[in-house]
Amino acid sequence: MELPLYTKEIRGTAVTQTLDYELTQDDETEDLFALLSEVKQNHPDVGAVSVGAIFSSYQGNRVQHVCDRLGLKMLAYLWHRDQAELLQEMVANGVDAVLIKVAAMGLGREDLGKTLKEMQPKLLSLHSKFGIHPCGEGGEFESFTLDCPLFKKRIVVDDSAVVTHVDDTVAPVLYLSIKQVHLAPNLAVSVIWLVRAYSRAFTDHIYCINQASRLGRKARMTELFAHMQLDAEMFAGSHLDVWQDVINHEYQYALVIEDDVDFELDAVASIHRALNTLDAQKTNWDILYIGHCSMEEKPGLARSVHPFCTSGYIVSRNGAQKLFAYFAKHLRSSHALDVQLVALIKRKMLRSYSMFPPVVFQRRDLYPADDGMDLRVGRLLRNSAWDQARAFVPKLQDWIDPPDSQRRDPAFEHIPPWMENTQTVR
């Protein structure tokens, strides 16, 4: 899981064996207290402890006692869950755990090393016959997790041996002594992560800024995202609203695009390479322009020069905080937003990078410019994702934008005098 690992040898014993627990010297519970004290000292931001207790009040009371003394919250999400149902959920969600100890009637040497999936029918049968707990909450068995969706790598057992602890003909106590293991790539989790990461262009969220009345553009972009297998939100707000949303959701990175764009076919791969490059350089950047209308940007990935237009960019959480704090006070509705952003870049108030050629382009052939700007950069689009979608998706071959709605937003029915005759901020 790539998290810090803390371990401690248990030196105490179960001195206090009553259900409730009070601080007792040399009790094994005090070893847990010492271990969690070390964790809290090294990680002051830790505020809770997650436990896997399902039914044992003896165990739960002791963990709760330690948490109360350290000012921590105990999280017991499995507490008093139906064990047969919980066992099914673990199997269905890819928890690959094997039995490493057995101590109940009906369980024996042949069950050690078997997975929960393999053991599920037998455990449910023994529950029906003898009342054993399907999840081993009565001490009937112990398990060791080799792989699960939270693991970055899976554990492979190379060498093990069966040890007999109690040789009983009815309910022998045996355990699997694991002597050597190694880590291997978790292929299933890697594929799932890759698919999810790709669908967000390797950011935490994709915003497509789309005015509520622009139904035609919304329909086209929805089809384009579906073709590219991107999970994007059609966001009926301004760039300022986007930055605030990034802050509220605590996204590390967010991709922001406008609703009149097209992509290079390899745009997502190019974005991934750019983010990896910036990460490798340990660059504390605010904004990465992946779409702009400037021919002055340096080739490849470099510090921005004059990245006019806001057709596509990735904003970091730090960048969103800077932008929102500044524009919440200083936004000038009489100036285009991209011009104001370039001014901040030139004044070194924003740490900005640009990709050239870009991978996101405004489609002025579909939506003619209303500002007379000569977008020569648009000629650099080599392999249009939208053109490919139209070629391969039958319903898009004769695409014509649906008509936009004439409905007005009630918030703009009464425009204050000071807002009249001002250019809309894109």
# chains A, B, ... in the order shown; residues from 1 in each chain; ligands from 1
$ closest_atom_pairs --of "region 114-196 of chain A" --to "region 85-109 of chain A" --cutoff "8 Å" --atoms "only C-alpha atoms" --output "JSON lines"
{"residue": "A:Lys114", "atom": "CA", "partner": "A:Val98", "partner_atom": "CA", "distance": 5.1}
{"residue": "A:Thr115", "atom": "CA", "partner": "A:Val98", "partner_atom": "CA", "distance": 4.2}
{"residue": "A:Leu116", "atom": "CA", "partner": "A:Ala97", "partner_atom": "CA", "distance": 5.9}
{"residue": "A:Lys117", "atom": "CA", "partner": "A:Val91", "partner_atom": "CA", "distance": 5.6}
{"residue": "A:Gln120", "atom": "CA", "partner": "A:Leu87", "partner_atom": "CA", "distance": 7.4}
{"residue": "A:Leu126", "atom": "CA", "partner": "A:Gly106", "partner_atom": "CA", "distance": 6.9}
{"residue": "A:Phe130", "atom": "CA", "partner": "A:Met105", "partner_atom": "CA", "distance": 7.9}
{"residue": "A:Ile132", "atom": "CA", "partner": "A:Ala104", "partner_atom": "CA", "distance": 7.8}
{"residue": "A:Pro134", "atom": "CA", "partner": "A:Leu87", "partner_atom": "CA", "distance": 7.0}
{"residue": "A:Cys135", "atom": "CA", "partner": "A:Leu87", "partner_atom": "CA", "distance": 6.4}
{"residue": "A:Gly139", "atom": "CA", "partner": "A:Ala103", "partner_atom": "CA", "distance": 6.9}
{"residue": "A:Glu140", "atom": "CA", "partner": "A:Ala103", "partner_atom": "CA", "distance": 4.9}
{"residue": "A:Phe141", "atom": "CA", "partner": "A:Val102", "partner_atom": "CA", "distance": 4.4}
{"residue": "A:Glu142", "atom": "CA", "partner": "A:Lys101", "partner_atom": "CA", "distance": 5.0}
{"residue": "A:Ser143", "atom": "CA", "partner": "A:Leu99", "partner_atom": "CA", "distance": 4.3}
{"residue": "A:Phe144", "atom": "CA", "partner": "A:Ala97", "partner_atom": "CA", "distance": 5.3}
{"residue": "A:Thr145", "atom": "CA", "partner": "A:Ala97", "partner_atom": "CA", "distance": 3.9}
{"residue": "A:Leu146", "atom": "CA", "partner": "A:Ala97", "partner_atom": "CA", "distance": 5.6}
{"residue": "A:Asp147", "atom": "CA", "partner": "A:Asp96", "partner_atom": "CA", "distance": 5.0}
{"residue": "A:Cys148", "atom": "CA", "partner": "A:Val95", "partner_atom": "CA", "distance": 4.5}
{"residue": "A:Pro149", "atom": "CA", "partner": "A:Gly94", "partner_atom": "CA", "distance": 6.6}
{"residue": "A:Val162", "atom": "CA", "partner": "A:Arg109", "partner_atom": "CA", "distance": 7.7}
{"residue": "A:Val170", "atom": "CA", "partner": "A:Met105", "partner_atom": "CA", "distance": 5.8}
{"residue": "A:Ala171", "atom": "CA", "partner": "A:Met105", "partner_atom": "CA", "distance": 4.5}
{"residue": "A:Pro172", "atom": "CA", "partner": "A:Ala103", "partner_atom": "CA", "distance": 5.9}
{"residue": "A:Val173", "atom": "CA", "partner": "A:Ala103", "partner_atom": "CA", "distance": 4.5}
{"residue": "A:Leu174", "atom": "CA", "partner": "A:Val102", "partner_atom": "CA", "distance": 5.6}
{"residue": "A:Tyr175", "atom": "CA", "partner": "A:Lys101", "partner_atom": "CA", "distance": 4.0}
{"residue": "A:Leu176", "atom": "CA", "partner": "A:Ile100", "partner_atom": "CA", "distance": 4.8}
{"residue": "A:Ser177", "atom": "CA", "partner": "A:Ile100", "partner_atom": "CA", "distance": 7.6}
$ write_last_selection --atoms "N, CA and C atoms" --output "PDB file, in the first residue's frame"
ATOM      1  N   LYS A 114      -5.478 -22.439   1.768  1.00  0.00           N
ATOM      2  CA  LYS A 114      -6.588 -22.236   0.833  1.00  0.00           C
ATOM      3  C   LYS A 114      -7.136 -20.817   0.961  1.00  0.00           C
ATOM      4  N   THR A 115      -7.671 -20.295  -0.125  1.00  0.00           N
ATOM      5  CA  THR A 115      -8.202 -18.945  -0.126  1.00  0.00           C
ATOM      6  C   THR A 115      -9.606 -18.905   0.479  1.00  0.00           C
ATOM      7  N   LEU A 116     -10.023 -17.695   0.864  1.00  0.00           N
ATOM      8  CA  LEU A 116     -11.386 -17.543   1.380  1.00  0.00           C
ATOM      9  C   LEU A 116     -12.415 -17.963   0.333  1.00  0.00           C
ATOM     10  N   LYS A 117     -12.108 -17.694  -0.926  1.00  0.00           N
ATOM     11  CA  LYS A 117     -13.035 -18.091  -1.992  1.00  0.00           C
ATOM     12  C   LYS A 117     -13.175 -19.604  -2.043  1.00  0.00           C
ATOM     13  N   GLN A 120     -15.098 -20.726   1.207  1.00  0.00           N
ATOM     14  CA  GLN A 120     -16.420 -20.168   1.489  1.00  0.00           C
ATOM     15  C   GLN A 120     -17.516 -21.237   1.628  1.00  0.00           C
ATOM     16  N   LEU A 126     -20.029 -25.430   7.775  1.00  0.00           N
ATOM     17  CA  LEU A 126     -19.677 -25.632   9.178  1.00  0.00           C
ATOM     18  C   LEU A 126     -20.456 -24.683  10.094  1.00  0.00           C
ATOM     19  N   PHE A 130     -22.306 -26.583  12.924  1.00  0.00           N
ATOM     20  CA  PHE A 130     -21.733 -26.465  14.267  1.00  0.00           C
ATOM     21  C   PHE A 130     -21.762 -25.049  14.838  1.00  0.00           C
ATOM     22  N   ILE A 132     -19.976 -22.420  13.783  1.00  0.00           N
ATOM     23  CA  ILE A 132     -18.722 -21.664  13.763  1.00  0.00           C
ATOM     24  C   ILE A 132     -18.950 -20.351  13.018  1.00  0.00           C
ATOM     25  N   PRO A 134     -18.437 -17.685  10.264  1.00  0.00           N
ATOM     26  CA  PRO A 134     -17.926 -17.726   8.883  1.00  0.00           C
ATOM     27  C   PRO A 134     -16.679 -16.879   8.666  1.00  0.00           C
ATOM     28  N   CYS A 135     -16.492 -15.844   9.502  1.00  0.00           N
ATOM     29  CA  CYS A 135     -15.302 -15.002   9.369  1.00  0.00           C
ATOM     30  C   CYS A 135     -14.265 -15.301  10.455  1.00  0.00           C
ATOM     31  N   GLY A 139     -12.253 -17.388  16.779  1.00  0.00           N
ATOM     32  CA  GLY A 139     -10.918 -17.971  16.823  1.00  0.00           C
ATOM     33  C   GLY A 139     -10.807 -19.255  16.032  1.00  0.00           C
ATOM     34  N   GLU A 140     -11.837 -19.563  15.203  1.00  0.00           N
ATOM     35  CA  GLU A 140     -11.833 -20.814  14.443  1.00  0.00           C
ATOM     36  C   GLU A 140     -10.703 -20.873  13.421  1.00  0.00           C
ATOM     37  N   PHE A 141     -10.329 -19.722  12.873  1.00  0.00           N
ATOM     38  CA  PHE A 141      -9.225 -19.683  11.916  1.00  0.00           C
ATOM     39  C   PHE A 141      -8.646 -18.272  11.864  1.00  0.00           C
ATOM     40  N   GLU A 142      -7.435 -18.182  11.353  1.00  0.00           N
ATOM     41  CA  GLU A 142      -6.784 -16.897  11.071  1.00  0.00           C
ATOM     42  C   GLU A 142      -6.414 -16.886   9.598  1.00  0.00           C
ATOM     43  N   SER A 143      -6.376 -15.689   9.029  1.00  0.00           N
ATOM     44  CA  SER A 143      -6.061 -15.589   7.606  1.00  0.00           C
ATOM     45  C   SER A 143      -4.965 -14.561   7.365  1.00  0.00           C
ATOM     46  N   PHE A 144      -4.363 -14.655   6.198  1.00  0.00           N
ATOM     47  CA  PHE A 144      -3.291 -13.754   5.781  1.00  0.00           C
ATOM     48  C   PHE A 144      -3.624 -13.253   4.385  1.00  0.00           C
ATOM     49  N   THR A 145      -3.706 -11.930   4.215  1.00  0.00           N
ATOM     50  CA  THR A 145      -4.113 -11.343   2.928  1.00  0.00           C
ATOM     51  C   THR A 145      -2.917 -11.209   1.998  1.00  0.00           C
ATOM     52  N   LEU A 146      -3.004 -11.850   0.857  1.00  0.00           N
ATOM     53  CA  LEU A 146      -1.944 -11.790  -0.154  1.00  0.00           C
ATOM     54  C   LEU A 146      -2.166 -10.666  -1.144  1.00  0.00           C
ATOM     55  N   ASP A 147      -3.431 -10.322  -1.384  1.00  0.00           N
ATOM     56  CA  ASP A 147      -3.726  -9.314  -2.399  1.00  0.00           C
ATOM     57  C   ASP A 147      -5.133  -8.779  -2.165  1.00  0.00           C
ATOM     58  N   CYS A 148      -5.342  -7.524  -2.513  1.00  0.00           N
ATOM     59  CA  CYS A 148      -6.670  -6.907  -2.454  1.00  0.00           C
ATOM     60  C   CYS A 148      -6.622  -5.611  -3.255  1.00  0.00           C
ATOM     61  N   PRO A 149      -7.763  -5.004  -3.539  1.00  0.00           N
ATOM     62  CA  PRO A 149      -7.765  -3.790  -4.367  1.00  0.00           C
ATOM     63  C   PRO A 149      -6.960  -2.623  -3.801  1.00  0.00           C
ATOM     64  N   VAL A 162       3.806 -26.469   7.721  1.00  0.00           N
ATOM     65  CA  VAL A 162       2.694 -26.647   8.643  1.00  0.00           C
ATOM     66  C   VAL A 162       3.242 -27.049  10.017  1.00  0.00           C
ATOM     67  N   VAL A 170     -10.344 -34.181  17.147  1.00  0.00           N
ATOM     68  CA  VAL A 170     -11.602 -33.522  16.777  1.00  0.00           C
ATOM     69  C   VAL A 170     -11.353 -32.121  16.217  1.00  0.00           C
ATOM     70  N   ALA A 171     -10.582 -31.321  16.952  1.00  0.00           N
ATOM     71  CA  ALA A 171     -10.341 -29.937  16.533  1.00  0.00           C
ATOM     72  C   ALA A 171      -8.857 -29.610  16.701  1.00  0.00           C
ATOM     73  N   PRO A 172      -8.010 -30.109  15.817  1.00  0.00           N
ATOM     74  CA  PRO A 172      -6.573 -29.833  15.940  1.00  0.00           C
ATOM     75  C   PRO A 172      -6.278 -28.348  15.713  1.00  0.00           C
ATOM     76  N   VAL A 173      -5.251 -27.868  16.378  1.00  0.00           N
ATOM     77  CA  VAL A 173      -4.804 -26.481  16.182  1.00  0.00           C
ATOM     78  C   VAL A 173      -3.509 -26.532  15.388  1.00  0.00           C
ATOM     79  N   LEU A 174      -3.572 -26.059  14.168  1.00  0.00           N
ATOM     80  CA  LEU A 174      -2.419 -26.081  13.270  1.00  0.00           C
ATOM     81  C   LEU A 174      -2.234 -24.692  12.662  1.00  0.00           C
ATOM     82  N   TYR A 175      -1.014 -24.363  12.356  1.00  0.00           N
ATOM     83  CA  TYR A 175      -0.786 -23.085  11.683  1.00  0.00           C
ATOM     84  C   TYR A 175       0.285 -23.226  10.609  1.00  0.00           C
ATOM     85  N   LEU A 176       0.222 -22.298   9.667  1.00  0.00           N
ATOM     86  CA  LEU A 176       1.146 -22.291   8.534  1.00  0.00           C
ATOM     87  C   LEU A 176       2.257 -21.293   8.836  1.00  0.00           C
ATOM     88  N   SER A 177       3.450 -21.793   9.002  1.00  0.00           N
ATOM     89  CA  SER A 177       4.605 -20.927   9.258  1.00  0.00           C
ATOM     90  C   SER A 177       5.153 -20.446   7.913  1.00  0.00           C
TER      91      SER A 177
END
$ select_by_dssp --residues "region 156-321 of chain A" --states "strand (DSSP E)" --output "PyMOL selection string"
chain A and resi 156-166+173-185+205-209+233-235+253-258+261-263+287-291+300-303+312-316
$ closest_atom_pairs --of "region 338-372 of chain A" --to "region 252-273 of chain A" --cutoff "12 Å" --atoms "only C-alpha atoms" --output "tab-separated table"
residue	atom	partner	partner_atom	distance
A:Ser354	CA	A:Ile271	CA	11.0
A:Met355	CA	A:Ile271	CA	9.0
A:Phe356	CA	A:Ser270	CA	10.9
A:Pro357	CA	A:Glu264	CA	10.2
A:Pro358	CA	A:Glu264	CA	8.5
A:Val359	CA	A:Glu264	CA	5.2
A:Val360	CA	A:Phe263	CA	4.7
A:Phe361	CA	A:Asp262	CA	5.2
A:Gln362	CA	A:Val261	CA	4.2
A:Arg363	CA	A:Val261	CA	5.4
A:Arg364	CA	A:Asp260	CA	7.8
A:Asp365	CA	A:Asp260	CA	10.0
A:Leu366	CA	A:Asp260	CA	7.8
A:Tyr367	CA	A:Asp260	CA	6.8
A:Pro368	CA	A:Asp260	CA	9.9
A:Ala369	CA	A:Asp260	CA	10.5
$ residues_around --residues "Gln321 (chain A)" --least-positions-apart "2" --cutoff "12 Å" --atoms "only C-alpha atoms" --output "JSON, numbers by chain"
{"A": [240, 241, 242, 243, 244, 245, 246, 247, 248, 249, 250, 251, 252, 253, 286, 287, 315, 316, 317, 318, 319, 323, 324, 325, 326, 327, 328, 350]}
$ write_last_selection --atoms "N, CA, C and O atoms" --output "short mmCIF file (atom, residue, chain, number, x, y, z; two decimals), in the first residue's frame"
data_model
loop_
_atom_site.label_atom_id
_atom_site.label_comp_id
_atom_site.auth_asym_id
_atom_site.auth_seq_id
_atom_site.Cartn_x
_atom_site.Cartn_y
_atom_site.Cartn_z
N LEU A 240 -13.84 30.89 -12.69
CA LEU A 240 -13.76 31.20 -11.27
C LEU A 240 -14.51 30.16 -10.44
O LEU A 240 -14.03 29.71 -9.38
N ASP A 241 -15.67 29.73 -10.92
CA ASP A 241 -16.45 28.70 -10.23
C ASP A 241 -15.70 27.36 -10.23
O ASP A 241 -15.74 26.62 -9.25
N VAL A 242 -15.02 27.07 -11.32
CA VAL A 242 -14.23 25.84 -11.41
C VAL A 242 -13.14 25.85 -10.35
O VAL A 242 -12.95 24.86 -9.62
N TRP A 243 -12.40 26.95 -10.26
CA TRP A 243 -11.29 27.01 -9.29
C TRP A 243 -11.80 26.82 -7.87
O TRP A 243 -11.17 26.14 -7.07
N GLN A 244 -12.95 27.42 -7.59
CA GLN A 244 -13.53 27.25 -6.25
C GLN A 244 -13.91 25.79 -6.01
O GLN A 244 -13.72 25.26 -4.92
N ASP A 245 -14.44 25.13 -7.04
CA ASP A 245 -14.83 23.72 -6.91
C ASP A 245 -13.61 22.83 -6.71
O ASP A 245 -13.66 21.87 -5.94
N VAL A 246 -12.52 23.14 -7.39
CA VAL A 246 -11.27 22.39 -7.21
C VAL A 246 -10.80 22.50 -5.75
O VAL A 246 -10.40 21.51 -5.13
N ILE A 247 -10.89 23.71 -5.21
CA ILE A 247 -10.49 23.94 -3.81
C ILE A 247 -11.40 23.17 -2.86
O ILE A 247 -10.94 22.49 -1.94
N ASN A 248 -12.70 23.25 -3.10
CA ASN A 248 -13.67 22.59 -2.21
C ASN A 248 -13.50 21.08 -2.19
O ASN A 248 -13.68 20.43 -1.16
N HIS A 249 -13.17 20.49 -3.36
CA HIS A 249 -13.01 19.04 -3.45
C HIS A 249 -11.57 18.58 -3.15
O HIS A 249 -11.30 17.38 -3.15
N GLU A 250 -10.68 19.56 -2.95
CA GLU A 250 -9.28 19.26 -2.65
C GLU A 250 -8.62 18.40 -3.72
O GLU A 250 -7.83 17.50 -3.43
N TYR A 251 -8.96 18.68 -5.00
CA TYR A 251 -8.31 17.97 -6.10
C TYR A 251 -6.85 18.42 -6.18
O TYR A 251 -6.55 19.61 -6.05
N GLN A 252 -5.97 17.50 -6.47
CA GLN A 252 -4.57 17.86 -6.66
C GLN A 252 -4.38 18.51 -8.03
O GLN A 252 -3.70 19.52 -8.15
N TYR A 253 -4.99 17.91 -9.05
CA TYR A 253 -4.96 18.46 -10.40
C TYR A 253 -6.34 18.33 -11.03
O TYR A 253 -7.05 17.35 -10.79
N ASP A 286 1.61 25.96 -11.21
CA ASP A 286 0.23 26.37 -10.94
C ASP A 286 -0.72 25.99 -12.07
O ASP A 286 -1.86 25.58 -11.83
N ILE A 287 -0.26 26.15 -13.30
CA ILE A 287 -1.14 25.91 -14.45
C ILE A 287 -0.32 25.36 -15.62
O ILE A 287 0.81 25.78 -15.85
N VAL A 315 -5.00 22.76 -13.93
CA VAL A 315 -4.68 23.64 -12.80
C VAL A 315 -4.39 22.77 -11.58
O VAL A 315 -5.07 21.77 -11.33
N SER A 316 -3.35 23.12 -10.86
CA SER A 316 -3.03 22.42 -9.62
C SER A 316 -3.87 23.00 -8.48
O SER A 316 -4.47 24.07 -8.63
N ARG A 317 -3.92 22.31 -7.36
CA ARG A 317 -4.68 22.83 -6.23
C ARG A 317 -4.10 24.17 -5.77
O ARG A 317 -4.83 25.12 -5.50
N ASN A 318 -2.77 24.25 -5.74
CA ASN A 318 -2.12 25.50 -5.35
C ASN A 318 -2.46 26.61 -6.34
O ASN A 318 -2.71 27.76 -5.95
N GLY A 319 -2.48 26.26 -7.64
CA GLY A 319 -2.83 27.24 -8.66
C GLY A 319 -4.26 27.71 -8.53
O GLY A 319 -4.55 28.91 -8.67
N LEU A 323 -5.45 31.54 -8.03
CA LEU A 323 -6.33 32.17 -9.01
C LEU A 323 -7.64 32.63 -8.37
O LEU A 323 -8.11 33.75 -8.64
N PHE A 324 -8.22 31.80 -7.54
CA PHE A 324 -9.48 32.18 -6.92
C PHE A 324 -9.29 33.36 -5.98
O PHE A 324 -10.10 34.30 -5.97
N ALA A 325 -8.22 33.32 -5.18
CA ALA A 325 -7.97 34.42 -4.24
C ALA A 325 -7.77 35.74 -4.99
O ALA A 325 -8.25 36.80 -4.55
N TYR A 326 -7.08 35.69 -6.14
CA TYR A 326 -6.82 36.92 -6.88
C TYR A 326 -8.07 37.41 -7.62
O TYR A 326 -8.47 38.58 -7.47
N PHE A 327 -8.69 36.54 -8.39
CA PHE A 327 -9.79 36.99 -9.25
C PHE A 327 -11.09 37.22 -8.47
O PHE A 327 -11.98 37.92 -8.96
N ALA A 328 -11.22 36.64 -7.29
CA ALA A 328 -12.40 36.94 -6.48
C ALA A 328 -12.44 38.43 -6.11
O ALA A 328 -13.51 38.99 -5.86
N LEU A 350 2.10 33.74 -11.40
CA LEU A 350 1.68 32.37 -11.69
C LEU A 350 2.86 31.61 -12.29
O LEU A 350 3.54 32.13 -13.18
#
